[in-house]
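Take a look at the structure below.
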Amino acid sequence: MNEYNLNESYITNIKEKSVLSTKDLQVYYGDNHAIFDANLSFPRHEITALIGASGCGKSTFLRCLNRMNDKIARVEGEISYRDVNINSSKINVYEVRKHIGMVFQRPNPFAKSIRENITFALKNAGITKKNDLDERLEQSLKGAALWDEVKDDLNKSALALSGGQQQRLCIARSIAMRPDILLLDEPASALDPISTSKIEETLKTLSKDYSIIIVTHNLQQASRISDYTAFLHLGHIIEYNSTVNVFTNPHMQATEDYVSGNFG
């Protein structure tokens, strides 16, 4: 393994208004220090990719951003959203997740109809009028590029959909709550190339209305769809810059080695 100075990094300043930022973020699993001094600002209505080798901490970092590591890890430092530190113990985590949605690596639709997958959380949030539910249903499925494929089968079980359709349904379920931010943890890793392409097209379209942060092990995917990229190594953020610069003109040797395939 190449030896890199983990105390050196290149973090660009985001000139656009950030939608979310972290300051001195540390994550511990017991005695294991998993994330070190993470200081990042994520631009609004852009796609930011988190890349790095398996075990580098990218999924751990992502899960901190809407408090999914609660009760699993100890998270210290600040996570600022709308000028509020949402890492505070006083914060209502369920309210946070209404604004910062998440889609996981493997599709996890509810064992309910396509319609109920979208409307279940909406009803729990107090939206009960049929017209309002129908409007959100159609808008979210269109936003996830799924409406035309399922509009005549809304009462069909979501489990009957293909893997790619199920993942787009999970994206639709998240955006039905109209969050500001959408977090995705390797959303296409279990999908075939055609389904992956549809997911990527969907995310590019959604970035006009949502700020998207995606963990991906696929460097080609990161270079295709993201505007900014953060490279993590052994729990440290080594480089954060525009995706073009990370892939074509990296500042750090570790970044250059990773994106060129000479890593390790």
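Order determines the names: the first chain of the structure tokens is A, the second B, and so forth; residues in each chain are numbered 1 upward, and ligands are numbered 1 upward as they are shown.
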Contact check, segment 80-165 of chain A to segment 42-53 of chain A, at most 12 Å, counting only C-alpha atoms, closest pairs as a tab-separated table:
```
residue	atom	partner	partner_atom	distance
A:Ser80	CA	A:Phe42	CA	10.5
A:Tyr81	CA	A:Phe42	CA	10.3
A:Arg82	CA	A:Arg44	CA	11.7
```
How would the residues just chosen look if you wrote them out with N, CA and C atoms as an mmCIF file, in the first residue's frame?
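Contents of part.cif, as written:
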```cif
data_model
loop_
_atom_site.group_PDB
_atom_site.id
_atom_site.type_symbol
_atom_site.label_atom_id
_atom_site.label_comp_id
_atom_site.auth_asym_id
_atom_site.auth_seq_id
_atom_site.Cartn_x
_atom_site.Cartn_y
_atom_site.Cartn_z
ATOM 1 N N SER A 80 -24.411 21.327 9.648
ATOM 2 C CA SER A 80 -25.244 22.533 9.569
ATOM 3 C C SER A 80 -26.203 22.467 8.393
ATOM 4 N N TYR A 81 -27.487 22.623 8.693
ATOM 5 C CA TYR A 81 -28.536 22.686 7.675
ATOM 6 C C TYR A 81 -29.446 23.851 8.040
ATOM 7 N N ARG A 82 -29.567 24.797 7.131
ATOM 8 C CA ARG A 82 -30.358 26.008 7.388
ATOM 9 C C ARG A 82 -29.892 26.711 8.666
#
```
Out of segment 25-256 of chain A, which residues get alpha helix (DSSP H) from DSSP, as a ChimeraX atom specification? /A:58-64,93-99,114-124,130-143,147-150,163-175,193-206,219-225,243-248,253-256
Serialized selection, C-alpha atoms, as a PDB file, in the first residue's frame:
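Okay, result-v7.pdb is ready:
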```pdb
ATOM      1  CA  LYS A  58     -17.829   7.284   2.512  1.00  0.00           C
ATOM      2  CA  SER A  59     -21.057   5.478   3.484  1.00  0.00           C
ATOM      3  CA  THR A  60     -20.418   6.213   7.168  1.00  0.00           C
ATOM      4  CA  PHE A  61     -20.027   9.903   6.350  1.00  0.00           C
ATOM      5  CA  LEU A  62     -23.153   9.941   4.173  1.00  0.00           C
ATOM      6  CA  ARG A  63     -25.278   8.308   6.874  1.00  0.00           C
ATOM      7  CA  CYS A  64     -24.266  11.028   9.338  1.00  0.00           C
ATOM      8  CA  VAL A  93     -34.444  13.440  13.863  1.00  0.00           C
ATOM      9  CA  TYR A  94     -37.714  12.609  12.097  1.00  0.00           C
ATOM     10  CA  GLU A  95     -38.109  16.240  11.042  1.00  0.00           C
ATOM     11  CA  VAL A  96     -34.531  16.227   9.743  1.00  0.00           C
ATOM     12  CA  ARG A  97     -35.301  13.218   7.556  1.00  0.00           C
ATOM     13  CA  LYS A  98     -38.268  14.979   5.983  1.00  0.00           C
ATOM     14  CA  HIS A  99     -35.794  17.519   4.609  1.00  0.00           C
ATOM     15  CA  ILE A 114     -46.947   1.012  -5.836  1.00  0.00           C
ATOM     16  CA  ARG A 115     -49.486   3.640  -4.767  1.00  0.00           C
ATOM     17  CA  GLU A 116     -49.140   2.837  -1.067  1.00  0.00           C
ATOM     18  CA  ASN A 117     -45.348   2.967  -1.266  1.00  0.00           C
ATOM     19  CA  ILE A 118     -45.690   6.655  -2.121  1.00  0.00           C
ATOM     20  CA  THR A 119     -48.719   7.616  -0.032  1.00  0.00           C
ATOM     21  CA  PHE A 120     -47.899   5.763   3.205  1.00  0.00           C
ATOM     22  CA  ALA A 121     -45.426   8.349   4.528  1.00  0.00           C
ATOM     23  CA  LEU A 122     -47.511  11.219   3.166  1.00  0.00           C
ATOM     24  CA  LYS A 123     -50.554  10.054   5.140  1.00  0.00           C
ATOM     25  CA  ASN A 124     -48.419   9.716   8.268  1.00  0.00           C
ATOM     26  CA  LYS A 130     -57.240  12.214  -2.160  1.00  0.00           C
ATOM     27  CA  ASN A 131     -56.498  14.963  -4.682  1.00  0.00           C
ATOM     28  CA  ASP A 132     -53.351  15.973  -2.795  1.00  0.00           C
ATOM     29  CA  LEU A 133     -52.182  12.374  -2.515  1.00  0.00           C
ATOM     30  CA  ASP A 134     -52.872  11.696  -6.196  1.00  0.00           C
ATOM     31  CA  GLU A 135     -50.951  14.833  -7.175  1.00  0.00           C
ATOM     32  CA  ARG A 136     -47.922  13.892  -5.068  1.00  0.00           C
ATOM     33  CA  LEU A 137     -48.097  10.324  -6.373  1.00  0.00           C
ATOM     34  CA  GLU A 138     -47.984  11.404 -10.009  1.00  0.00           C
ATOM     35  CA  GLN A 139     -45.391  14.131  -9.489  1.00  0.00           C
ATOM     36  CA  SER A 140     -42.980  11.906  -7.583  1.00  0.00           C
ATOM     37  CA  LEU A 141     -43.287   9.003 -10.027  1.00  0.00           C
ATOM     38  CA  LYS A 142     -42.719  11.393 -12.927  1.00  0.00           C
ATOM     39  CA  GLY A 143     -39.744  12.867 -11.089  1.00  0.00           C
ATOM     40  CA  TRP A 147     -44.835   7.199 -14.151  1.00  0.00           C
ATOM     41  CA  ASP A 148     -45.200   6.068 -17.757  1.00  0.00           C
ATOM     42  CA  GLU A 149     -44.159   2.527 -16.804  1.00  0.00           C
ATOM     43  CA  VAL A 150     -46.522   2.057 -13.853  1.00  0.00           C
ATOM     44  CA  GLY A 163     -34.850  -4.148  -9.562  1.00  0.00           C
ATOM     45  CA  GLY A 164     -34.281  -0.931 -11.482  1.00  0.00           C
ATOM     46  CA  GLN A 165     -37.950   0.023 -11.238  1.00  0.00           C
ATOM     47  CA  GLN A 166     -37.943  -0.727  -7.508  1.00  0.00           C
ATOM     48  CA  GLN A 167     -34.959   1.574  -7.007  1.00  0.00           C
ATOM     49  CA  ARG A 168     -36.656   4.378  -8.953  1.00  0.00           C
ATOM     50  CA  LEU A 169     -39.766   3.763  -6.822  1.00  0.00           C
ATOM     51  CA  CYS A 170     -37.599   4.255  -3.718  1.00  0.00           C
ATOM     52  CA  ILE A 171     -36.343   7.531  -5.206  1.00  0.00           C
ATOM     53  CA  ALA A 172     -39.964   8.547  -5.895  1.00  0.00           C
ATOM     54  CA  ARG A 173     -40.891   7.649  -2.314  1.00  0.00           C
ATOM     55  CA  SER A 174     -38.138   9.926  -1.025  1.00  0.00           C
ATOM     56  CA  ILE A 175     -38.975  12.915  -3.226  1.00  0.00           C
ATOM     57  CA  PRO A 193     -26.225  -1.206 -17.137  1.00  0.00           C
ATOM     58  CA  ILE A 194     -29.578  -0.178 -18.674  1.00  0.00           C
ATOM     59  CA  SER A 195     -31.207   0.327 -15.257  1.00  0.00           C
ATOM     60  CA  THR A 196     -28.083   2.133 -14.061  1.00  0.00           C
ATOM     61  CA  SER A 197     -28.316   4.523 -17.010  1.00  0.00           C
ATOM     62  CA  LYS A 198     -31.954   5.289 -16.175  1.00  0.00           C
ATOM     63  CA  ILE A 199     -31.030   6.001 -12.547  1.00  0.00           C
ATOM     64  CA  GLU A 200     -28.241   8.344 -13.680  1.00  0.00           C
ATOM     65  CA  GLU A 201     -30.546  10.197 -16.083  1.00  0.00           C
ATOM     66  CA  THR A 202     -33.114  10.512 -13.300  1.00  0.00           C
ATOM     67  CA  LEU A 203     -30.587  11.984 -10.877  1.00  0.00           C
ATOM     68  CA  LYS A 204     -29.321  14.516 -13.411  1.00  0.00           C
ATOM     69  CA  THR A 205     -32.897  15.711 -13.947  1.00  0.00           C
ATOM     70  CA  LEU A 206     -33.669  15.779 -10.225  1.00  0.00           C
ATOM     71  CA  LEU A 219     -15.606   6.094 -10.928  1.00  0.00           C
ATOM     72  CA  GLN A 220     -17.148   6.347 -14.387  1.00  0.00           C
ATOM     73  CA  GLN A 221     -20.503   7.032 -12.799  1.00  0.00           C
ATOM     74  CA  ALA A 222     -19.044   9.757 -10.580  1.00  0.00           C
ATOM     75  CA  SER A 223     -17.379  11.404 -13.572  1.00  0.00           C
ATOM     76  CA  ARG A 224     -20.577  11.177 -15.661  1.00  0.00           C
ATOM     77  CA  ILE A 225     -23.151  12.597 -13.285  1.00  0.00           C
ATOM     78  CA  THR A 243     -15.413  16.623 -10.607  1.00  0.00           C
ATOM     79  CA  VAL A 244     -13.540  17.774 -13.705  1.00  0.00           C
ATOM     80  CA  ASN A 245     -10.534  18.793 -11.605  1.00  0.00           C
ATOM     81  CA  VAL A 246     -10.593  15.678  -9.415  1.00  0.00           C
ATOM     82  CA  PHE A 247     -10.470  13.410 -12.458  1.00  0.00           C
ATOM     83  CA  THR A 248      -8.241  15.413 -14.789  1.00  0.00           C
ATOM     84  CA  GLN A 253      -1.016  12.211  -5.140  1.00  0.00           C
ATOM     85  CA  ALA A 254      -3.425   9.803  -3.441  1.00  0.00           C
ATOM     86  CA  THR A 255      -6.294  11.157  -5.537  1.00  0.00           C
ATOM     87  CA  GLU A 256      -4.309  10.847  -8.735  1.00  0.00           C
TER      88      GLU A 256
END
```
Determine, for each residue of segment 64-158 of chain A having at least one atom at most 10 Å from an atom of segment 12-21 of chain A, the closest pair of atoms and their separation in Å to one decimal, counting only C-alpha atoms; order by chain and ascending number, as a Markdown table.
```
| residue | atom | partner | partner_atom | distance |
| --- | --- | --- | --- | --- |
| A:Leu65 | CA | A:Leu20 | CA | 8.5 |
| A:Glu78 | CA | A:Ser21 | CA | 8.1 |
| A:Ile79 | CA | A:Ser21 | CA | 5.8 |
| A:Ser80 | CA | A:Ser21 | CA | 5.2 |
| A:Tyr81 | CA | A:Leu20 | CA | 5.0 |
| A:Arg82 | CA | A:Val19 | CA | 7.2 |
| A:Asp83 | CA | A:Leu20 | CA | 8.8 |
| A:Val84 | CA | A:Leu20 | CA | 9.8 |
| A:Asn85 | CA | A:Ser21 | CA | 9.5 |
| A:Ile100 | CA | A:Leu20 | CA | 9.8 |
```
Create the file for the chosen residues now, containing C-alpha atoms and written as a PDB file, in the first residue's frame.
```
ATOM      1  CA  LEU A  65     -25.887  13.679   7.177  1.00  0.00           C
ATOM      2  CA  GLU A  78     -21.342  20.012  13.514  1.00  0.00           C
ATOM      3  CA  ILE A  79     -23.679  19.249  10.637  1.00  0.00           C
ATOM      4  CA  SER A  80     -25.244  22.533   9.569  1.00  0.00           C
ATOM      5  CA  TYR A  81     -28.536  22.686   7.675  1.00  0.00           C
ATOM      6  CA  ARG A  82     -30.358  26.008   7.388  1.00  0.00           C
ATOM      7  CA  ASP A  83     -27.955  27.469   9.963  1.00  0.00           C
ATOM      8  CA  VAL A  84     -28.937  24.834  12.525  1.00  0.00           C
ATOM      9  CA  ASN A  85     -26.607  22.158  13.879  1.00  0.00           C
ATOM     10  CA  ILE A 100     -32.891  15.139   3.964  1.00  0.00           C
TER      11      ILE A 100
END
```
Write down as a ChimeraX atom specification the residues of segment 15-256 of chain A whose backbone DSSP state falls under strand (DSSP E). /A:18-29,32-43,47-51,74-81,84-85,100-103,181-185,211-215,228-233,236-242
re atom CA of Thr229 of chain A and atom CA of Asp31 of chain A: distance 28.9 Å
